[in-house]
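Student: Got a structure for you, coords_11.tsv, holding TSV, C-alpha atoms.
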```
chain	number	residue	atom	x	y	z
A	8	MET	CA	88.59	122.51	79.75
A	9	THR	CA	90.37	121.82	76.46
A	10	SER	CA	90.28	118.18	75.37
A	11	PRO	CA	93.67	116.54	74.76
A	12	PRO	CA	94.56	115.88	71.12
A	13	SER	CA	93.50	112.53	69.70
A	14	SER	CA	95.72	112.47	66.61
A	15	PHE	CA	99.41	113.17	66.20
A	16	TRP	CA	101.97	113.38	63.41
A	17	ALA	CA	105.73	112.94	63.68
A	18	ALA	CA	108.37	113.57	61.04
A	19	GLU	CA	110.33	110.67	62.55
A	20	ALA	CA	109.38	107.95	65.01
A	21	TRP	CA	111.01	104.80	66.32
A	22	LEU	CA	108.80	101.83	65.37
A	23	PRO	CA	109.41	98.06	65.81
A	24	ASP	CA	111.32	97.93	62.50
A	25	GLY	CA	113.43	100.99	63.25
A	26	VAL	CA	113.18	104.66	62.36
A	27	ALA	CA	110.20	105.57	60.19
A	28	ARG	CA	109.26	108.89	58.61
A	29	ASP	CA	105.95	110.71	58.36
A	30	VAL	CA	104.21	108.74	61.10
A	31	ARG	CA	100.60	109.41	62.11
A	32	LEU	CA	99.25	108.19	65.44
A	33	THR	CA	95.71	108.21	66.77
A	34	ALA	CA	94.60	107.78	70.36
A	35	HIS	CA	91.37	106.67	72.02
A	36	ASP	CA	90.62	106.90	75.74
A	37	GLY	CA	94.23	107.79	76.44
A	38	ARG	CA	95.68	104.81	74.55
A	39	ILE	CA	97.38	104.59	71.17
A	40	ALA	CA	94.82	103.19	68.73
A	41	SER	CA	96.74	103.22	65.43
A	42	VAL	CA	100.22	103.92	64.03
A	43	THR	CA	100.68	104.52	60.30
A	44	ALA	CA	103.99	105.38	58.65
A	45	GLY	CA	104.55	107.16	55.35
A	46	VAL	CA	101.47	109.38	55.41
A	47	PRO	CA	101.06	113.16	55.47
A	48	ALA	CA	99.67	114.99	58.45
A	49	ALA	CA	95.90	115.40	58.54
A	50	ALA	CA	94.05	118.56	59.47
A	51	GLY	CA	93.97	118.91	63.24
A	52	ASP	CA	96.92	116.59	63.94
A	53	HIS	CA	99.17	117.67	66.79
A	54	ARG	CA	102.69	117.80	65.35
A	55	LEU	CA	105.37	116.21	67.52
A	56	PRO	CA	108.87	117.70	67.17
A	57	GLY	CA	112.07	115.69	66.93
A	58	MET	CA	112.36	111.91	67.09
A	59	VAL	CA	109.35	110.31	68.77
A	60	LEU	CA	110.18	107.26	70.92
A	61	PRO	CA	107.98	104.70	72.69
A	62	GLY	CA	107.56	105.21	76.41
A	63	PHE	CA	110.47	103.85	78.43
A	64	ALA	CA	110.18	101.26	81.20
A	65	ASN	CA	111.91	101.58	84.56
A	66	ALA	CA	112.34	97.96	85.63
A	67	HIS	CA	113.52	98.60	89.20
A	68	SER	CA	112.12	101.34	91.42
A	69	HIS	CA	111.99	102.06	95.15
A	70	ALA	CA	109.80	105.16	95.08
A	71	PHE	CA	110.31	106.13	98.72
A	72	HIS	CA	114.07	106.42	98.17
A	73	ARG	CA	113.28	109.78	96.58
A	74	ALA	CA	113.40	111.22	100.10
A	75	LEU	CA	117.04	110.10	100.45
A	76	ARG	CA	118.36	112.32	97.67
A	77	GLY	CA	121.27	114.43	98.83
A	78	ARG	CA	120.94	113.15	102.40
A	79	THR	CA	123.27	110.14	102.57
A	80	HIS	CA	126.73	111.15	101.31
A	81	ALA	CA	127.70	114.30	103.25
A	82	ASP	CA	130.81	112.58	104.64
A	83	GLY	CA	131.33	110.09	101.83
A	84	GLY	CA	129.54	107.29	103.66
A	85	THR	CA	129.30	103.59	102.88
A	86	PHE	CA	126.58	101.22	101.82
A	87	TRP	CA	125.94	100.48	105.51
A	88	THR	CA	125.52	104.11	106.52
A	89	TRP	CA	123.22	104.61	103.54
A	90	ARG	CA	121.23	101.53	104.54
A	91	ALA	CA	120.84	102.80	108.10
A	92	ARG	CA	119.34	106.06	106.84
A	93	MET	CA	117.11	104.20	104.41
A	94	TYR	CA	115.70	102.03	107.20
A	95	ALA	CA	115.25	105.08	109.43
A	96	LEU	CA	113.19	106.70	106.69
A	97	ALA	CA	111.18	103.54	106.05
A	98	ALA	CA	110.28	103.36	109.74
A	99	THR	CA	108.46	106.72	109.53
A	100	LEU	CA	106.32	106.21	106.43
A	101	THR	CA	102.52	106.02	106.44
A	102	PRO	CA	100.16	105.44	103.51
A	103	ASP	CA	99.79	109.22	103.09
A	104	THR	CA	103.52	110.02	103.09
A	105	TYR	CA	104.19	106.96	100.91
A	106	LEU	CA	101.62	108.27	98.43
A	107	ASP	CA	103.21	111.73	98.37
A	108	LEU	CA	106.70	110.36	97.71
A	109	ALA	CA	105.59	107.82	95.09
A	110	ARG	CA	103.40	110.32	93.22
A	111	ALA	CA	106.31	112.75	92.96
A	112	ALA	CA	108.73	110.01	91.86
A	113	TYR	CA	106.34	108.62	89.24
A	114	ALA	CA	105.48	112.09	87.93
A	115	GLU	CA	109.19	112.78	87.41
A	116	MET	CA	109.46	109.50	85.51
A	117	VAL	CA	106.53	110.38	83.24
A	118	LEU	CA	108.04	113.80	82.50
A	119	ALA	CA	111.30	112.04	81.55
A	120	GLY	CA	109.51	109.66	79.16
A	121	VAL	CA	109.11	106.65	81.49
A	122	THR	CA	105.56	105.34	81.19
A	123	ALA	CA	105.85	101.97	82.98
A	124	VAL	CA	107.58	101.18	86.24
A	125	GLY	CA	108.34	97.97	88.13
A	126	GLU	CA	108.11	98.83	91.82
A	127	PHE	CA	110.02	96.76	94.37
A	128	HIS	CA	107.61	97.35	97.22
A	129	TYR	CA	108.42	95.99	100.67
A	130	LEU	CA	106.81	98.39	103.14
A	131	HIS	CA	103.66	96.82	104.55
A	132	HIS	CA	103.39	97.70	108.25
A	133	ALA	CA	102.75	100.86	110.22
A	134	PRO	CA	105.63	102.65	112.01
A	135	GLY	CA	106.55	100.43	114.91
A	136	GLY	CA	105.86	97.25	112.94
A	137	THR	CA	102.11	96.92	113.62
A	138	PRO	CA	100.26	95.39	110.63
A	139	TYR	CA	97.49	97.46	109.09
A	140	ASP	CA	93.95	96.08	109.08
A	141	ASP	CA	94.17	96.18	105.27
A	142	PRO	CA	97.45	94.39	104.42
A	143	ASN	CA	97.55	96.10	101.03
A	144	VAL	CA	97.03	99.69	102.17
A	145	MET	CA	100.63	100.66	101.38
A	146	ALA	CA	100.44	98.97	97.97
A	147	GLU	CA	97.22	100.88	97.30
A	148	ALA	CA	99.13	104.11	97.91
A	149	LEU	CA	101.51	103.12	95.11
A	150	ARG	CA	98.61	102.24	92.82
A	151	THR	CA	97.00	105.61	93.43
A	152	ALA	CA	100.29	107.39	92.86
A	153	ALA	CA	100.83	105.70	89.50
A	154	ARG	CA	97.28	106.44	88.37
A	155	GLU	CA	97.49	110.10	89.36
A	156	ALA	CA	100.91	110.52	87.72
A	157	GLY	CA	99.70	108.96	84.48
A	158	GLY	CA	101.97	105.91	84.44
A	159	CYS	CA	101.60	102.14	84.58
A	160	LEU	CA	102.68	100.26	87.70
A	161	ALA	CA	103.72	96.60	87.77
A	162	SER	CA	104.28	94.86	91.10
A	163	GLY	CA	105.12	91.20	91.60
A	164	ASP	CA	106.42	88.74	94.18
A	165	GLU	CA	110.07	89.14	95.05
A	166	HIS	CA	112.37	87.58	97.60
A	167	GLN	CA	115.77	88.46	99.00
A	168	ASP	CA	117.46	86.62	101.83
A	169	GLN	CA	118.13	88.55	105.00
A	170	GLY	CA	121.65	89.78	105.50
A	171	HIS	CA	123.57	92.26	107.61
A	172	GLN	CA	127.08	93.40	108.39
A	173	ALA	CA	128.82	91.49	111.16
A	174	GLY	CA	128.44	93.25	114.48
A	175	THR	CA	125.44	95.35	113.40
A	176	GLU	CA	121.94	95.05	114.74
A	177	GLN	CA	119.41	93.57	112.34
A	178	PRO	CA	116.88	96.39	111.76
A	179	ASP	CA	113.12	96.17	111.85
A	180	HIS	CA	112.49	96.14	108.11
A	181	ARG	CA	108.69	96.12	108.35
A	182	GLY	CA	108.41	93.28	105.87
A	183	ASP	CA	106.35	90.09	105.91
A	184	GLY	CA	108.62	87.18	106.82
A	185	THR	CA	111.23	87.62	104.10
A	186	TRP	CA	113.19	90.81	103.56
A	187	LEU	CA	111.38	91.51	100.31
A	188	HIS	CA	107.89	90.20	99.88
A	189	VAL	CA	105.39	92.10	97.78
A	190	SER	CA	101.82	91.95	98.96
A	191	SER	CA	100.27	92.59	95.56
A	192	ARG	CA	96.62	93.30	95.01
A	193	ARG	CA	95.28	90.11	93.48
A	194	ALA	CA	92.98	91.03	90.64
A	195	GLY	CA	92.69	87.59	89.06
A	196	PRO	CA	92.54	86.94	85.29
A	197	ALA	CA	90.72	90.24	84.70
A	198	ALA	CA	93.69	92.37	85.77
A	199	ARG	CA	93.74	95.55	83.72
A	200	ALA	CA	96.11	96.10	80.85
A	201	PRO	CA	99.25	98.30	80.96
A	202	GLY	CA	98.41	101.98	81.14
A	203	SER	CA	95.52	101.58	83.53
A	204	GLY	CA	97.50	102.61	86.61
A	205	ASP	CA	96.54	99.34	88.28
A	206	ILE	CA	99.03	96.90	89.73
A	207	LEU	CA	99.45	94.09	87.21
A	208	THR	CA	99.24	90.59	88.63
A	209	GLN	CA	99.17	88.65	85.36
A	210	PRO	CA	102.31	87.83	83.31
A	211	VAL	CA	103.23	90.57	80.84
A	212	PRO	CA	104.55	89.06	77.55
A	213	GLY	CA	108.23	89.80	77.17
A	214	ALA	CA	108.62	91.05	80.74
A	215	VAL	CA	111.15	89.67	83.16
A	216	GLN	CA	109.46	88.22	86.20
A	217	VAL	CA	111.43	87.73	89.42
A	218	ARG	CA	110.64	84.49	91.20
A	219	ARG	CA	112.20	82.55	94.01
A	220	GLY	CA	115.09	80.70	92.45
A	221	GLY	CA	115.74	83.25	89.71
A	222	ALA	CA	114.18	85.40	87.01
A	223	ARG	CA	112.25	84.10	84.05
A	224	LEU	CA	110.79	85.60	80.89
A	225	ALA	CA	106.99	85.80	80.85
A	226	ARG	CA	105.38	83.99	77.93
```
Will you turn the file into structure tokens for me?

Tutor:
Amino acid sequence: MTSPPSSFWAAEAWLPDGVARDVRLTAHDGRIASVTAGVPAAAGDHRLPGMVLPGFANAHSHAFHRALRGRTHADGGTFWTWRARMYALAATLTPDTYLDLARAAYAEMVLAGVTAVGEFHYLHHAPGGTPYDDPNVMAEALRTAAREAGGCLASGDEHQDQGHQAGTEQPDHRGDGTWLHVSSRRAGPAARAPGSGDILTQPVPGAVQVRRGGARLAR
């Protein structure tokens, strides 16, 4: 098997101070180790065409919604008809099918240049509403999907009040008490850094964290 390149050279790259020319990058263990602008390419560098940009971040994902594509607007539809189909789909998912959907969604993101994703995860129970013995088994499916797709997954605690259209039955949303409540894997202070494929449970500097009562900027 051919080893991936460990050094790269770009004619142009977007750096913190703006566009820079003649940029050389080195990588170690799959992570960027150094970035140097204004230098010629070295022997063996992999040349990157066009403008090289940092990986993008998708700050709001529901990976399982991938299965709804093209299936909710045949007759125009409304938010409520879409929501009914979304809940019907959610009621069928298992850790294995959740993994398949999330892996495909995250792989598409990576191919499009998205290397970090904030997943709004609220599926915790088995079809029928029975809790799993491992309360984080569905979250582990997301973690595995991100690792296998080559992206970084961030999952945090979220909350949204329950609500429904007048005259409609409140569906079984398979959550834990509140409509949205992420059951994150708690890794403690040693949570791995971005790029590891692990769910991050520590504040990420500069990231927006959603908390009950509003969002705040992590310090």

Student: Between A:Thr151, A:His67, A:Leu75, A:Val30, single out the one closest to Val124 of chain A, counting only C-alpha atoms.

Tutor: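 Nearest to Val124 of chain A: A:His67.
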
Student: Neighbouring residues of Leu100 of chain A were defined as those with any atom within 12 Å, considering only C-alpha atoms; residues of the same chain fewer than 3 positions away were excluded. Please report them as a list in words.

Tutor: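 Near Leu100 of chain A, the qualifying residues are Ala70, Phe71, His72, Ala74, Met93, Tyr94, Ala95, Leu96, Ala97, Asp103, Thr104, Tyr105, Leu106, Asp107, Leu108, Ala109, Tyr129, Leu130, His131, His132, Ala133, Pro134, Gly135, Gly136, Met145, Ala148, His180 and Arg181 of chain A.
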
Student: From the options A:Thr101, A:Asn65, A:Thr79, A:Asn143, which residue's atoms come nearest to Val117 of chain A, counting all atoms listed in the file?

Tutor: A:Asn65

Student: Using atom CA of Cys159 of chain A and atom CA of Leu55 of chain A as the two end points, give the distance in Å to one decimal.

Tutor: 22.4 Å

Student: For Gly158 of chain A, list every protein, DNA or RNA residue within 12 Å, evaluated using only C-alpha atoms, and leave out those in the same chain fewer than 4 positions away; present the list as a PyMOL selection string.

Tutor: chain A and resi 37-38+62-65+109-126+149-154+200-206

Student: Would you please work out which residue, of A:Gly57, A:Pro11, A:Pro102, A:Gly77, is nearest to Glu147 of chain A when using all atoms listed in the file?

Tutor: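 When distances to Glu147 of chain A are compared using all atoms listed in the file, the smallest one comes from A:Pro102.
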
Student: Quick one: residues within 12 Å of Arg54 of chain A, all atoms listed in the file counted, chain neighbours fewer than 2 positions away excluded, as a ChimeraX atom specification?

Tutor: /A:12-20,29-33,47-52,56-59

Student: Can you work out which one of A:His69, A:His80, A:Tyr139, A:Ala156 has the shortest atom-to-atom distance to Phe127 of chain A, counting all atoms listed in the file?

Tutor: A:His69

Student: Could you tell me how far atom CA of Ala27 of chain A sits from atom CA of Gly45 of chain A, in Å to one decimal place?

Tutor: 7.6 Å

Student: Name the closest residue to Ala146 of chain A among the candidates A:Leu60, A:Thr88, A:Leu160, A:His128; distances are taken between atoms, counting only C-alpha atoms.

Tutor: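 Using only C-alpha atoms, Ala146 of chain A sits closest to A:His128.
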
Student: Ranking A:Ala91, A:Thr99, A:Ala40, A:His53 by minimum distance to Arg78 of chain A and counting only C-alpha atoms, which one comes first?

Tutor: A:Ala91

Student: Taking all atoms of segment 89-92 of chain A that appear in the file, build a box with edges along x, y and z, extend it by 6 Å on every side, and state its centre and edge lengths in Å to one decimal, as AutoDock Vina command-line options.

Tutor:
```
--center_x 121.3 --center_y 103.8 --center_z 105.8 --size_x 15.9 --size_y 16.5 --size_z 16.6
```

Student: What is the atom CA of Leu22 of chain A-atom CA of Ala34 of chain A distance in Å, reported with one decimal?

Tutor: 16.2 Å
